[in-house]
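Scroll down for the structure; my scribbles are underneath it.
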Amino acid sequence: MRGKLIVFEGVEGCGKTTQIERSRLWLQDRGKAPVVVTREPGGTELGVALRHLLLAEQQHPIFPRAELLLYAADRAQHIEETIEPHLSQGAIVLCDRYTDSTVAYQGYGRGLSLELIERLNRIATSGTMSDLTLWLDVEVEIGLARAKARGKIDRFEQTELDFHRRVQQGYKELAQKYPHRIVRIDASRSEVEVQAQIQEICDRRGIGHRA
Ligand code: TYD
């Protein structure tokens, strides 16, 4: 049986990393399907190199269209090398960011054409959509404060609040547009409460049920 692609999305500091790890442990503990954790950018060897190029301080800033194409290249490699092979073996793939990040960050954040991004996403993924996207919704100010407290300031985290507010608006509109695929999680709650929401949604969708 084909596996499931579950994607975690949200603004900086929304708690994806922690929740992915908790979800991995929970799913591994209860299910029969193998659980695989991966991320974008950086889920393959090529992706790790691209991630470094995309997120490290650059002497010459990367222009938005070049940035968009690098994320698309990362995704094209990732889907073929990692995601599809695991899905066809029946795994539950937990992916830290996927196509909705490009819509939110490059589309709403950087102002690139949403239509172009949708086309590129289709090309990069060959049409593989997430089965479920968990949008960890937290106020931008709270998320950025959390990210800064961890000393995790990268190129994006230094840009002004306005950029992240546009990204947040992107997630909001995506969730309204695709209510079945994208589920909003209140990520302002405690780690345990956020995980409880995730488990409830997975249960409702029959993800990770004991065989
Ligand atoms: P992030 O996933 O937040 O990693 P970490 O948890 O290590 O901080 O960082 C990835 C960054 O890449 C994040 O700022 C969003 C950005 N990004 C895009 O702008 N577009 C994309 O398509 C993807 C996948 C990521």
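Please note that chains go A, B, ... in the order of the structure tokens, that every chain numbers its residues from 1, and that ligands are numbered from 1 in the order shown.
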
Next on the checklist: I'd like the contact shell of Leu53 in chain A - 12 Å cut-off, only C-alpha atoms, skipping same-chain residues fewer than 2 positions apart - returned as a VMD selection string.
Outcome noted: chain A and resid 41 to 42 46 to 51 55 to 62 66 to 67 70 to 71 74 155

Go through chain A residue by residue and, counting only C-alpha atoms and all ligand atoms, keep those with an atom at most 9 Å from ligand 1; for each kept residue give the shortest atom pair and its distance in Å to one decimal, ordered by chain and increasing number, as a Markdown table.
| residue | atom | partner | partner_atom_place_in_ligand_line | distance |
| --- | --- | --- | --- | --- |
| A:Glu9 | CA | ligand 1 | 2 (O) | 8.2 |
| A:Gly10 | CA | ligand 1 | 3 (O) | 8.2 |
| A:Val11 | CA | ligand 1 | 3 (O) | 7.2 |
| A:Glu12 | CA | ligand 1 | 3 (O) | 5.3 |
| A:Gly13 | CA | ligand 1 | 3 (O) | 7.3 |
| A:Cys14 | CA | ligand 1 | 3 (O) | 8.6 |
| A:Gly15 | CA | ligand 1 | 6 (O) | 8.2 |
| A:Lys16 | CA | ligand 1 | 6 (O) | 7.0 |
| A:Thr17 | CA | ligand 1 | 6 (O) | 6.1 |
| A:Arg39 | CA | ligand 1 | 2 (O) | 7.3 |
| A:Glu40 | CA | ligand 1 | 24 (C) | 4.5 |
| A:Pro41 | CA | ligand 1 | 24 (C) | 5.1 |
| A:Gly42 | CA | ligand 1 | 24 (C) | 8.7 |
| A:Arg51 | CA | ligand 1 | 12 (O) | 7.8 |
| A:Leu54 | CA | ligand 1 | 12 (O) | 7.5 |
| A:Leu55 | CA | ligand 1 | 11 (C) | 6.8 |
| A:Glu67 | CA | ligand 1 | 19 (O) | 8.0 |
| A:Leu68 | CA | ligand 1 | 22 (O) | 7.2 |
| A:Leu70 | CA | ligand 1 | 22 (O) | 8.8 |
| A:Tyr71 | CA | ligand 1 | 22 (O) | 5.2 |
| A:Ala72 | CA | ligand 1 | 22 (O) | 7.3 |
| A:Asp74 | CA | ligand 1 | 24 (C) | 8.3 |
| A:Arg75 | CA | ligand 1 | 24 (C) | 7.8 |
| A:Asp96 | CA | ligand 1 | 2 (O) | 6.2 |
| A:Arg97 | CA | ligand 1 | 24 (C) | 5.1 |
| A:Tyr98 | CA | ligand 1 | 24 (C) | 5.2 |
| A:Thr99 | CA | ligand 1 | 22 (O) | 6.0 |
| A:Asp100 | CA | ligand 1 | 22 (O) | 7.1 |
| A:Ser101 | CA | ligand 1 | 22 (O) | 4.5 |
| A:Thr102 | CA | ligand 1 | 22 (O) | 3.5 |
| A:Val103 | CA | ligand 1 | 22 (O) | 7.2 |
| A:Ala104 | CA | ligand 1 | 20 (N) | 7.5 |
| A:Tyr105 | CA | ligand 1 | 19 (O) | 4.6 |
| A:Gln106 | CA | ligand 1 | 19 (O) | 5.9 |
| A:Gly109 | CA | ligand 1 | 19 (O) | 8.4 |
| A:Arg110 | CA | ligand 1 | 19 (O) | 8.9 |
| A:Ala147 | CA | ligand 1 | 8 (O) | 7.8 |
| A:Lys152 | CA | ligand 1 | 8 (O) | 6.7 |
| A:Ile153 | CA | ligand 1 | 8 (O) | 8.2 |
| A:Asp154 | CA | ligand 1 | 14 (O) | 7.6 |
| A:Arg155 | CA | ligand 1 | 14 (O) | 7.6 |
| A:Phe156 | CA | ligand 1 | 14 (O) | 5.2 |
| A:Glu157 | CA | ligand 1 | 14 (O) | 7.1 |

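Using only C-alpha atoms, the nearest neighbour of Ala175 in chain A within the list A:Ala149, A:Val192, A:Ile207, A:Thr133 is A:Thr133.
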
Checklist entry - Please, which residues of range 20-118 of chain A, numbered as in this document, come out helix (DSSP H, G or I) from DSSP, as a PyMOL selection string? => result chain A and resi 20-30+45-55+64-88+99-109+114-118

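Residues lying within 10 Å of Ala124 in chain A, counting only C-alpha atoms and ignoring same-chain neighbours fewer than 2 positions away, are Leu69, Tyr71, Ala72, Ala73, Asp74, Arg75, Ala76, Gln77, His78, Ile79, Glu80, Thr99, Glu118, Arg119, Leu120, Asn121, Arg122, Ser126, Gly127 and Thr128 of chain A.
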
Go ahead and dump the residues you just picked, C-alpha atoms, as a PDB file, in the first residue's frame.
ATOM      1  CA  LEU A  69      14.520  27.937  -8.923  1.00  0.00           C
ATOM      2  CA  TYR A  71      14.056  25.578  -4.053  1.00  0.00           C
ATOM      3  CA  ALA A  72      12.466  23.912  -7.083  1.00  0.00           C
ATOM      4  CA  ALA A  73      15.715  22.050  -7.859  1.00  0.00           C
ATOM      5  CA  ASP A  74      15.943  20.886  -4.249  1.00  0.00           C
ATOM      6  CA  ARG A  75      12.350  19.620  -4.446  1.00  0.00           C
ATOM      7  CA  ALA A  76      12.760  17.867  -7.797  1.00  0.00           C
ATOM      8  CA  GLN A  77      15.727  15.893  -6.454  1.00  0.00           C
ATOM      9  CA  HIS A  78      14.029  15.256  -3.126  1.00  0.00           C
ATOM     10  CA  ILE A  79      10.849  13.814  -4.616  1.00  0.00           C
ATOM     11  CA  GLU A  80      12.709  11.374  -6.860  1.00  0.00           C
ATOM     12  CA  THR A  99       5.326  23.138  -1.782  1.00  0.00           C
ATOM     13  CA  GLU A 118       2.149  26.606  -8.863  1.00  0.00           C
ATOM     14  CA  ARG A 119       3.480  25.598 -12.270  1.00  0.00           C
ATOM     15  CA  LEU A 120       6.991  25.125 -10.914  1.00  0.00           C
ATOM     16  CA  ASN A 121       5.699  23.144  -7.942  1.00  0.00           C
ATOM     17  CA  ARG A 122       3.885  20.800 -10.322  1.00  0.00           C
ATOM     18  CA  SER A 126       5.510  15.572 -10.832  1.00  0.00           C
ATOM     19  CA  GLY A 127       2.182  16.223  -9.126  1.00  0.00           C
ATOM     20  CA  THR A 128       2.814  14.525  -5.768  1.00  0.00           C
TER      21      THR A 128
END

Checklist entry - Quick one, how far is CA of Val167 in chain A from CA of Arg22 in chain A? => result 25.3 Å

Next on the checklist: Ranking A:Asp29, A:Glu200, A:Val35, A:Glu139 by minimum distance to Asp186 in chain A and counting only C-alpha atoms, which one comes first?
Outcome noted: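 The shortest atom-to-atom distance to Asp186 in chain A comes from A:Glu139.
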
Item to check | Nearest to Gly208 in chain A by atom-to-atom distance, counting only C-alpha atoms, from A:Pro85, A:Gly90, A:Pro64, A:Gly43 | outcome: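 Among A:Pro85, A:Gly90, A:Pro64, A:Gly43, it is A:Gly90 that comes nearest to Gly208 in chain A.
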
Checklist entry - So which one's closest to Leu5 in chain A, A:Arg181, A:Arg146, A:Arg165, A:Arg30? Using only C-alpha atoms, please. => result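 Result for the nearest residue to Leu5 in chain A: A:Arg181.
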
Next on the checklist: One decimal, in Å: what's the spacing between CA of Gly143 in chain A and CA of Gly107 in chain A?
Outcome noted: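 Computed distance, CA of Gly143 in chain A to CA of Gly107 in chain A, equals 20.2 Å.
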
Checklist entry - By how many Å are CA of Leu132 in chain A and CA of Leu116 in chain A apart? => result 23.1 Å
